[in-house]
Amino acid sequence: MASDGPPLRWRLILGQSAQAALGQNLQGEGAACDACLSWLYDRDPGLQQRGIRGQRQGGSENPSLSTVEWIEKIHELFPKETIERLERDAVEKYQIEEIVTNAEVIRKVQPSMSLLQAVMRTRHLMNQEVLALARQLVRRVVEELLEKLAREVQRSFGGPRRHSRSTPYKLSRELDAPTTLRANLRHWDPEERRLYVARPYFYQRNRRHRVPWQLVLLVDQSGSMLESVIHSAVTASCLWGVPSLKTHLVIFSTEVVDLTPEVTDPVETLMKFQLGGGTDITRAVQYSATLLENPGRSIVVVITDFFEGADPRQLVKEVRDLVAQGTIVLGLASLNPEAVPEYDRELAQRLVQVGAHVAAMTPGELARWIAEKVAM
C-alpha cells in the first residue's frame, strides 16, 4: 500500500468522520484501502456511538464487496502483517465464517494460527470440497509449527556429553581437548615447543534410551483450550521420535479418547478433536494410570484450565496416588507461544500440595522440562 504519510494513515484509521479535519480526500489506492477497512470495521455497532468512524464512503469504490472480493483486495493493497491482522479480526472479532467455509475464499487466505483455529471451530459446517482445502491450510500452519518445535526438541534431547572411552566417530566438535592434552603431555617437545598428539580423546553421547520413559499427554479439549490443543498435537508429534520416550496423546472432555495411533500426523489428530462440552479431568487421569508400564519412569502431563466438572476431591486423590507410586505429574495451565495462564488456581494449588508440579509453559519449555526429568 502506498503511503502519503501520517495524515493518510489517520484518515484510514478514523474513517469518513475524520476527512474534514485531516483534509484527506481519498482517491485511487487510498480509496480502495478505505473501502476494505470499511467493509470489515464498520460492522462494529459501537463506532457510531463513539463518533470515531461512522458509516464511511469509500470514494468511488463499490462499498458492497463480497467476501471473495475483499480477500482479493486486501492481498493486493496491504503488506503481509496487515493482511494477517485483517483476516484474524474478520474471523475472531466479527465471526465471518465464510472466510473458512467458502472454498474460493480458503484458496486465497494467508495461512495463520487464527485461521487454523477458525477451521477447527467451523469444520462441521464444511462440505467435502471445503474440508479438503481446509486440511491443506491446517497442514501449512502445522508444518511451520513442527519445523520450529522440532529444532527445540532436538536441542533439548541432544544428550549430555560425558568422558568415556574413545569413540570411533572422530568428529572435531566431539574432541575432548582437556583429556587429550593431559594424556599426551609426555609427547611435548621442549625444543620445538610443540605438543604432538599421539592419541586424541573424544566425548561420547550418553545413551539414555536404553531404559525408556513413558510420557502421557492428557489434553483438555474444551473450547477455551483451543490454542493449547493445537500445540499439544504438534508437541506430541515431535516427542514421538525421541528414543528415550514412549509417548501417548489422550484428549478428554467428559469422555476420554486415545489418539496415540494418530500422533505422528498432527493434522489428522487435530481434525479429530471435538471442541467444547464438559470437563472430567479425573476420568482422564484415571485412564492415564492404566497406560503406565513402569510408574517410576513415567510422566503424566495434564494440559487443562483446571476447571473440573467432576468431583475435585477425587481428582486430588488420583493425582496423589500417581505421585505416591513414583510418577511425575505436571499440570499445564497453558501451552502456546505466550504461555499466558488462565486457570483455577485454587484447584491447581491443591494438586501441588499432593506432589504435582503446576506451571504455564510454551511447547519448547515443556520439551526442555521433560528432557531434564528424563536425564535424572
# chains A, B, ... in the order shown; residues from 1 in each chain; ligands from 1

call {"tool": "closest_atom_pairs", "arguments": {"of": "stretch 332-371 of chain A", "to": "stretch 300-304 of chain A", "cutoff": "7 Å", "atoms": "only C-alpha atoms", "output": "JSON lines"}}
result
{"residue": "A:Leu332", "atom": "CA", "partner": "A:Ile303", "partner_atom": "CA", "distance": 4.6}
{"residue": "A:Ala333", "atom": "CA", "partner": "A:Thr304", "partner_atom": "CA", "distance": 5.6}
{"residue": "A:Ser334", "atom": "CA", "partner": "A:Ile303", "partner_atom": "CA", "distance": 6.9}

call {"tool": "select_by_dssp", "arguments": {"residues": "stretch 95-343 of chain A", "states": "strand (DSSP E)", "output": "PyMOL selection string"}}
result
chain A and resi 161-162+188-189+194-195+204-205+213-220+245-252+256-258+298-303+328-335

call {"tool": "write_last_selection", "arguments": {"atoms": "N, CA and C atoms", "output": "compact mmCIF listing (two decimals), in the first residue's frame"}}
result
# COMPACT_ATOMS: atom_id res chain seq x y z
N ARG A 161 27.13 -34.62 27.29
CA ARG A 161 28.37 -35.29 26.91
C ARG A 161 29.10 -35.74 28.17
N ARG A 162 29.72 -36.91 28.09
CA ARG A 162 30.45 -37.42 29.25
C ARG A 162 31.79 -37.98 28.80
N TRP A 188 55.43 -33.84 24.65
CA TRP A 188 55.82 -32.44 24.49
C TRP A 188 57.30 -32.35 24.07
N ASP A 189 57.57 -31.57 23.04
CA ASP A 189 58.94 -31.37 22.55
C ASP A 189 59.37 -29.97 22.99
N ARG A 194 56.40 -27.72 21.02
CA ARG A 194 55.21 -28.24 20.33
C ARG A 194 54.78 -29.54 20.99
N LEU A 195 53.45 -29.69 21.13
CA LEU A 195 52.89 -30.92 21.69
C LEU A 195 52.40 -31.80 20.55
N GLN A 204 31.56 -38.98 24.19
CA GLN A 204 30.59 -39.95 23.70
C GLN A 204 29.22 -39.60 24.28
N ARG A 205 28.22 -39.59 23.45
CA ARG A 205 26.88 -39.26 23.91
C ARG A 205 26.35 -40.34 24.84
N TRP A 213 11.53 -43.83 29.06
CA TRP A 213 10.49 -43.26 29.91
C TRP A 213 9.18 -43.29 29.15
N GLN A 214 8.09 -43.20 29.89
CA GLN A 214 6.77 -43.15 29.29
C GLN A 214 6.18 -41.76 29.55
N LEU A 215 5.66 -41.15 28.51
CA LEU A 215 5.07 -39.82 28.61
C LEU A 215 3.62 -39.88 28.16
N VAL A 216 2.71 -39.42 29.00
CA VAL A 216 1.29 -39.38 28.65
C VAL A 216 0.85 -37.92 28.67
N LEU A 217 0.43 -37.41 27.52
CA LEU A 217 -0.11 -36.06 27.42
C LEU A 217 -1.63 -36.13 27.46
N LEU A 218 -2.24 -35.58 28.49
CA LEU A 218 -3.69 -35.51 28.63
C LEU A 218 -4.13 -34.10 28.28
N VAL A 219 -4.95 -33.95 27.23
CA VAL A 219 -5.27 -32.63 26.71
C VAL A 219 -6.76 -32.35 26.83
N ASP A 220 -7.09 -31.32 27.57
CA ASP A 220 -8.46 -30.84 27.73
C ASP A 220 -8.91 -30.21 26.41
N LEU A 245 11.76 -41.84 24.92
CA LEU A 245 10.37 -41.64 25.35
C LEU A 245 9.41 -42.56 24.59
N LYS A 246 8.41 -43.02 25.30
CA LYS A 246 7.27 -43.68 24.68
C LYS A 246 6.08 -42.75 24.94
N THR A 247 5.61 -42.10 23.88
CA THR A 247 4.65 -41.00 24.03
C THR A 247 3.23 -41.44 23.72
N HIS A 248 2.29 -40.96 24.55
CA HIS A 248 0.86 -41.17 24.33
C HIS A 248 0.18 -39.80 24.26
N LEU A 249 -0.83 -39.69 23.41
CA LEU A 249 -1.63 -38.46 23.34
C LEU A 249 -3.09 -38.83 23.59
N VAL A 250 -3.66 -38.23 24.62
CA VAL A 250 -5.03 -38.54 25.02
C VAL A 250 -5.80 -37.23 25.17
N ILE A 251 -6.98 -37.15 24.57
CA ILE A 251 -7.81 -35.96 24.71
C ILE A 251 -9.04 -36.31 25.56
N PHE A 252 -9.59 -35.29 26.20
CA PHE A 252 -10.73 -35.57 27.07
C PHE A 252 -11.64 -34.36 27.18
N VAL A 256 -13.04 -39.81 27.27
CA VAL A 256 -11.59 -39.89 27.04
C VAL A 256 -11.35 -40.59 25.71
N VAL A 257 -10.51 -39.99 24.86
CA VAL A 257 -10.19 -40.58 23.56
C VAL A 257 -8.67 -40.65 23.42
N ASP A 258 -8.16 -41.85 23.15
CA ASP A 258 -6.73 -42.06 22.99
C ASP A 258 -6.37 -41.89 21.51
N SER A 298 7.69 -42.69 34.59
CA SER A 298 6.57 -42.18 33.81
C SER A 298 6.30 -40.72 34.15
N ILE A 299 5.86 -39.98 33.15
CA ILE A 299 5.47 -38.58 33.31
C ILE A 299 4.06 -38.42 32.75
N VAL A 300 3.16 -37.88 33.55
CA VAL A 300 1.80 -37.58 33.10
C VAL A 300 1.66 -36.06 33.08
N VAL A 301 1.38 -35.52 31.90
CA VAL A 301 1.20 -34.07 31.73
C VAL A 301 -0.28 -33.80 31.46
N VAL A 302 -0.90 -33.04 32.33
CA VAL A 302 -2.32 -32.70 32.19
C VAL A 302 -2.42 -31.25 31.72
N ILE A 303 -2.86 -31.06 30.48
CA ILE A 303 -2.95 -29.71 29.90
C ILE A 303 -4.40 -29.27 30.00
N ILE A 328 5.80 -38.81 37.86
CA ILE A 328 5.89 -37.35 37.83
C ILE A 328 4.63 -36.81 37.18
N VAL A 329 3.92 -35.93 37.86
CA VAL A 329 2.68 -35.34 37.33
C VAL A 329 2.90 -33.84 37.15
N LEU A 330 2.66 -33.37 35.94
CA LEU A 330 2.78 -31.94 35.62
C LEU A 330 1.44 -31.42 35.14
N GLY A 331 0.92 -30.39 35.79
CA GLY A 331 -0.28 -29.72 35.32
C GLY A 331 0.10 -28.48 34.55
N LEU A 332 -0.33 -28.39 33.29
CA LEU A 332 0.00 -27.24 32.46
C LEU A 332 -1.23 -26.38 32.28
N ALA A 333 -1.13 -25.13 32.69
CA ALA A 333 -2.25 -24.20 32.53
C ALA A 333 -2.26 -23.56 31.16
N SER A 334 -1.22 -23.74 30.40
CA SER A 334 -1.15 -23.12 29.08
C SER A 334 -0.10 -23.83 28.25
N LEU A 335 -0.32 -23.90 26.95
CA LEU A 335 0.68 -24.45 26.03
C LEU A 335 0.53 -23.71 24.71

call {"tool": "closest_residue", "arguments": {"among": "A:Ala32, A:Val340, A:Ile230, A:Ile74", "to": "A:Met120", "atoms": "only C-alpha atoms"}}
result
A:Ile230

call {"tool": "select_by_dssp", "arguments": {"residues": "stretch 62-297 of chain A", "states": "helix (DSSP H, G or I)", "output": "MDAnalysis selection string"}}
result
chainID A and resid 67:77 80:93 98:101 103:106 113:125 128:156 172:174 177:183 185:187 208:210 223:240 260:262 266:270 281:291 295:297

call {"tool": "residues_around", "arguments": {"residues": "A:Glu72", "least_positions_apart": "5", "cutoff": "9 Å", "atoms": "only C-alpha atoms", "output": "VMD selection string"}}
result
chain A and resid 67 77 105 108 to 109

call {"tool": "write_last_selection", "arguments": {"atoms": "N, CA and C atoms", "output": "compact mmCIF listing (two decimals), in the first residue's frame"}}
result
# COMPACT_ATOMS: atom_id res chain seq x y z
N THR A 67 -17.15 -11.32 0.15
CA THR A 67 -16.02 -11.79 0.95
C THR A 67 -14.84 -12.16 0.07
N LEU A 77 -3.51 -4.85 -1.69
CA LEU A 77 -3.27 -3.50 -1.18
C LEU A 77 -2.39 -3.43 0.07
N VAL A 105 -12.72 -18.63 -1.04
CA VAL A 105 -12.01 -17.77 -0.08
C VAL A 105 -10.81 -18.50 0.50
N LYS A 108 -7.52 -18.38 -1.15
CA LYS A 108 -6.84 -17.09 -1.22
C LYS A 108 -6.27 -16.61 0.10
N VAL A 109 -6.74 -17.13 1.22
CA VAL A 109 -6.34 -16.59 2.51
C VAL A 109 -4.90 -16.94 2.85

call {"tool": "closest_residue", "arguments": {"among": "A:Glu129, A:Asp44, A:Glu76, A:Glu255", "to": "A:Arg107", "atoms": "only C-alpha atoms"}}
result
A:Glu129

call {"tool": "residues_around", "arguments": {"residues": "A:Cys36", "least_positions_apart": "4", "cutoff": "9 Å", "atoms": "only C-alpha atoms", "output": "VMD selection string"}}
result
chain A and resid 31 to 32 40 to 41 58 63 65 70 to 71 73 to 74

call {"tool": "write_last_selection", "arguments": {"atoms": "N, CA and C atoms", "output": "mmCIF file, in the first residue's frame"}}
result
data_model
loop_
_atom_site.group_PDB
_atom_site.id
_atom_site.type_symbol
_atom_site.label_atom_id
_atom_site.label_comp_id
_atom_site.auth_asym_id
_atom_site.auth_seq_id
_atom_site.Cartn_x
_atom_site.Cartn_y
_atom_site.Cartn_z
ATOM 1 N N ALA A 31 -8.508 5.206 -1.635
ATOM 2 C CA ALA A 31 -9.945 4.935 -1.548
ATOM 3 C C ALA A 31 -10.216 3.440 -1.493
ATOM 4 N N ALA A 32 -9.422 2.661 -2.228
ATOM 5 C CA ALA A 32 -9.593 1.203 -2.212
ATOM 6 C C ALA A 32 -9.277 0.632 -0.834
ATOM 7 N N LEU A 40 -14.934 -4.206 6.712
ATOM 8 C CA LEU A 40 -14.748 -5.016 7.908
ATOM 9 C C LEU A 40 -15.147 -4.277 9.184
ATOM 10 N N TYR A 41 -14.571 -3.112 9.393
ATOM 11 C CA TYR A 41 -14.675 -2.487 10.717
ATOM 12 C C TYR A 41 -15.955 -1.676 10.930
ATOM 13 N N GLY A 58 -16.355 4.980 0.785
ATOM 14 C CA GLY A 58 -15.033 4.596 0.283
ATOM 15 C C GLY A 58 -14.730 5.158 -1.075
ATOM 16 N N PRO A 63 -18.932 -0.066 -2.212
ATOM 17 C CA PRO A 63 -18.888 -0.457 -0.808
ATOM 18 C C PRO A 63 -19.404 -1.869 -0.554
ATOM 19 N N LEU A 65 -18.622 -5.022 -1.218
ATOM 20 C CA LEU A 65 -17.695 -6.074 -1.604
ATOM 21 C C LEU A 65 -18.205 -7.416 -1.103
ATOM 22 N N TRP A 70 -13.212 -9.016 -1.153
ATOM 23 C CA TRP A 70 -12.485 -8.366 -0.062
ATOM 24 C C TRP A 70 -11.135 -9.040 0.157
ATOM 25 N N ILE A 71 -11.117 -10.381 0.159
ATOM 26 C CA ILE A 71 -9.855 -11.107 0.310
ATOM 27 C C ILE A 71 -8.886 -10.733 -0.808
ATOM 28 N N LYS A 73 -8.796 -8.028 -2.608
ATOM 29 C CA LYS A 73 -8.379 -6.635 -2.481
ATOM 30 C C LYS A 73 -7.307 -6.457 -1.411
ATOM 31 N N ILE A 74 -7.530 -7.042 -0.230
ATOM 32 C CA ILE A 74 -6.559 -6.806 0.838
ATOM 33 C C ILE A 74 -5.213 -7.441 0.507
#

call {"tool": "closest_atom_pairs", "arguments": {"of": "stretch 204-313 of chain A", "to": "stretch 132-155 of chain A", "cutoff": "8 Å", "atoms": "only C-alpha atoms", "output": "CSV"}}
result
residue,atom,partner,partner_atom,distance
A:Val234,CA,A:Leu146,CA,6.1
A:Thr235,CA,A:Leu149,CA,7.2
A:Cys238,CA,A:Ala150,CA,5.8
A:Leu239,CA,A:Val153,CA,7.2
A:Pro266,CA,A:Val142,CA,7.4
A:Val267,CA,A:Arg139,CA,5.9

call {"tool": "write_last_selection", "arguments": {"atoms": "N, CA and C atoms", "output": "PDB file, in the first residue's frame"}}
result
ATOM      1  N   VAL A 234       1.069 -30.891  18.073  1.00  0.00           N
ATOM      2  CA  VAL A 234       2.372 -30.708  17.431  1.00  0.00           C
ATOM      3  C   VAL A 234       3.491 -31.196  18.349  1.00  0.00           C
ATOM      4  N   THR A 235       3.393 -30.879  19.639  1.00  0.00           N
ATOM      5  CA  THR A 235       4.413 -31.303  20.603  1.00  0.00           C
ATOM      6  C   THR A 235       4.484 -32.824  20.692  1.00  0.00           C
ATOM      7  N   CYS A 238       6.342 -34.258  17.765  1.00  0.00           N
ATOM      8  CA  CYS A 238       7.794 -34.077  17.845  1.00  0.00           C
ATOM      9  C   CYS A 238       8.415 -35.025  18.871  1.00  0.00           C
ATOM     10  N   LEU A 239       7.751 -35.189  20.005  1.00  0.00           N
ATOM     11  CA  LEU A 239       8.310 -36.035  21.065  1.00  0.00           C
ATOM     12  C   LEU A 239       8.231 -37.521  20.725  1.00  0.00           C
ATOM     13  N   PRO A 266      -0.037 -34.789  13.069  1.00  0.00           N
ATOM     14  CA  PRO A 266      -0.796 -33.838  13.884  1.00  0.00           C
ATOM     15  C   PRO A 266      -1.985 -33.223  13.166  1.00  0.00           C
ATOM     16  N   VAL A 267      -1.953 -33.167  11.838  1.00  0.00           N
ATOM     17  CA  VAL A 267      -3.095 -32.619  11.108  1.00  0.00           C
ATOM     18  C   VAL A 267      -4.317 -33.513  11.300  1.00  0.00           C
TER      19      VAL A 267
END

call {"tool": "residues_around", "arguments": {"residues": "A:Arg368", "least_positions_apart": "4", "cutoff": "7 Å", "atoms": "only C-alpha atoms", "output": "MDAnalysis selection string"}}
result
chainID A and resid 156 364 372

call {"tool": "residues_around", "arguments": {"residues": "stretch 86-88 of chain A", "least_positions_apart": "2", "cutoff": "9 Å", "atoms": "only C-alpha atoms", "output": "VMD selection string"}}
result
chain A and resid 37 40 71 74 81 to 84 90 to 93 99 109 to 110 112 to 115

call {"tool": "residues_around", "arguments": {"residues": "A:Gln274", "least_positions_apart": "5", "cutoff": "9 Å", "atoms": "only C-alpha atoms", "output": "list in words"}}
result
Met120, Arg121, Gln221, Ser222 and Ser253 of chain A

call {"tool": "write_last_selection", "arguments": {"atoms": "C-alpha atoms", "output": "compact mmCIF listing (two decimals), in the first residue's frame"}}
result
# COMPACT_ATOMS: atom_id res chain seq x y z
CA MET A 120 -11.29 -26.30 13.90
CA ARG A 121 -14.31 -24.39 15.20
CA GLN A 221 -10.45 -30.18 24.54
CA SER A 222 -12.85 -27.61 25.97
CA SER A 253 -13.92 -33.68 27.84

call {"tool": "decode", "arguments": {"residues": "stretch 230-256 of chain A", "atoms": "N, CA and C atoms", "output": "mmCIF file, in the first residue's frame"}}
result
data_model
loop_
_atom_site.group_PDB
_atom_site.id
_atom_site.type_symbol
_atom_site.label_atom_id
_atom_site.label_comp_id
_atom_site.auth_asym_id
_atom_site.auth_seq_id
_atom_site.Cartn_x
_atom_site.Cartn_y
_atom_site.Cartn_z
ATOM 1 N N ILE A 230 -3.885 -27.273 19.866
ATOM 2 C CA ILE A 230 -3.084 -27.264 18.641
ATOM 3 C C ILE A 230 -1.614 -27.546 18.960
ATOM 4 N N HIS A 231 -1.080 -26.830 19.930
ATOM 5 C CA HIS A 231 0.332 -27.009 20.264
ATOM 6 C C HIS A 231 0.599 -28.367 20.918
ATOM 7 N N SER A 232 -0.388 -28.918 21.596
ATOM 8 C CA SER A 232 -0.217 -30.245 22.189
ATOM 9 C C SER A 232 -0.051 -31.305 21.117
ATOM 10 N N ALA A 233 -0.861 -31.228 20.064
ATOM 11 C CA ALA A 233 -0.763 -32.198 18.976
ATOM 12 C C ALA A 233 0.592 -32.117 18.290
ATOM 13 N N VAL A 234 1.069 -30.891 18.073
ATOM 14 C CA VAL A 234 2.372 -30.708 17.431
ATOM 15 C C VAL A 234 3.491 -31.196 18.349
ATOM 16 N N THR A 235 3.393 -30.879 19.639
ATOM 17 C CA THR A 235 4.413 -31.303 20.603
ATOM 18 C C THR A 235 4.484 -32.824 20.692
ATOM 19 N N ALA A 236 3.325 -33.472 20.756
ATOM 20 C CA ALA A 236 3.300 -34.931 20.835
ATOM 21 C C ALA A 236 3.958 -35.551 19.611
ATOM 22 N N SER A 237 3.705 -34.969 18.448
ATOM 23 C CA SER A 237 4.301 -35.495 17.222
ATOM 24 C C SER A 237 5.823 -35.380 17.256
ATOM 25 N N CYS A 238 6.342 -34.258 17.765
ATOM 26 C CA CYS A 238 7.794 -34.077 17.845
ATOM 27 C C CYS A 238 8.415 -35.025 18.871
ATOM 28 N N LEU A 239 7.751 -35.189 20.005
ATOM 29 C CA LEU A 239 8.310 -36.035 21.065
ATOM 30 C C LEU A 239 8.231 -37.521 20.725
ATOM 31 N N TRP A 240 7.332 -37.870 19.789
ATOM 32 C CA TRP A 240 7.173 -39.262 19.389
ATOM 33 C C TRP A 240 8.490 -39.861 18.892
ATOM 34 N N GLY A 241 9.298 -39.041 18.239
ATOM 35 C CA GLY A 241 10.534 -39.553 17.655
ATOM 36 C C GLY A 241 11.710 -39.592 18.607
ATOM 37 N N VAL A 242 11.521 -39.212 19.867
ATOM 38 C CA VAL A 242 12.623 -39.225 20.833
ATOM 39 C C VAL A 242 12.838 -40.653 21.332
ATOM 40 N N PRO A 243 14.030 -41.234 21.148
ATOM 41 C CA PRO A 243 14.248 -42.641 21.524
ATOM 42 C C PRO A 243 14.024 -42.921 23.001
ATOM 43 N N SER A 244 14.255 -41.948 23.864
ATOM 44 C CA SER A 244 14.157 -42.182 25.305
ATOM 45 C C SER A 244 12.728 -42.066 25.821
ATOM 46 N N LEU A 245 11.758 -41.843 24.921
ATOM 47 C CA LEU A 245 10.373 -41.644 25.345
ATOM 48 C C LEU A 245 9.411 -42.558 24.590
ATOM 49 N N LYS A 246 8.411 -43.025 25.297
ATOM 50 C CA LYS A 246 7.268 -43.676 24.683
ATOM 51 C C LYS A 246 6.080 -42.754 24.939
ATOM 52 N N THR A 247 5.614 -42.099 23.884
ATOM 53 C CA THR A 247 4.654 -41.004 24.029
ATOM 54 C C THR A 247 3.228 -41.442 23.721
ATOM 55 N N HIS A 248 2.288 -40.963 24.551
ATOM 56 C CA HIS A 248 0.857 -41.170 24.333
ATOM 57 C C HIS A 248 0.179 -39.797 24.261
ATOM 58 N N LEU A 249 -0.826 -39.688 23.407
ATOM 59 C CA LEU A 249 -1.631 -38.463 23.336
ATOM 60 C C LEU A 249 -3.085 -38.828 23.587
ATOM 61 N N VAL A 250 -3.656 -38.233 24.622
ATOM 62 C CA VAL A 250 -5.034 -38.540 25.025
ATOM 63 C C VAL A 250 -5.799 -37.229 25.167
ATOM 64 N N ILE A 251 -6.984 -37.149 24.565
ATOM 65 C CA ILE A 251 -7.814 -35.961 24.708
ATOM 66 C C ILE A 251 -9.036 -36.307 25.559
ATOM 67 N N PHE A 252 -9.586 -35.292 26.196
ATOM 68 C CA PHE A 252 -10.730 -35.568 27.068
ATOM 69 C C PHE A 252 -11.645 -34.361 27.181
ATOM 70 N N SER A 253 -12.904 -34.652 27.402
ATOM 71 C CA SER A 253 -13.917 -33.678 27.844
ATOM 72 C C SER A 253 -14.596 -34.390 29.005
ATOM 73 N N THR A 254 -15.842 -34.861 28.794
ATOM 74 C CA THR A 254 -16.418 -35.797 29.766
ATOM 75 C C THR A 254 -16.094 -37.226 29.364
ATOM 76 N N GLU A 255 -15.602 -37.410 28.135
ATOM 77 C CA GLU A 255 -15.146 -38.710 27.645
ATOM 78 C C GLU A 255 -13.649 -38.640 27.387
ATOM 79 N N VAL A 256 -13.039 -39.805 27.275
ATOM 80 C CA VAL A 256 -11.593 -39.889 27.041
ATOM 81 C C VAL A 256 -11.351 -40.593 25.709
#
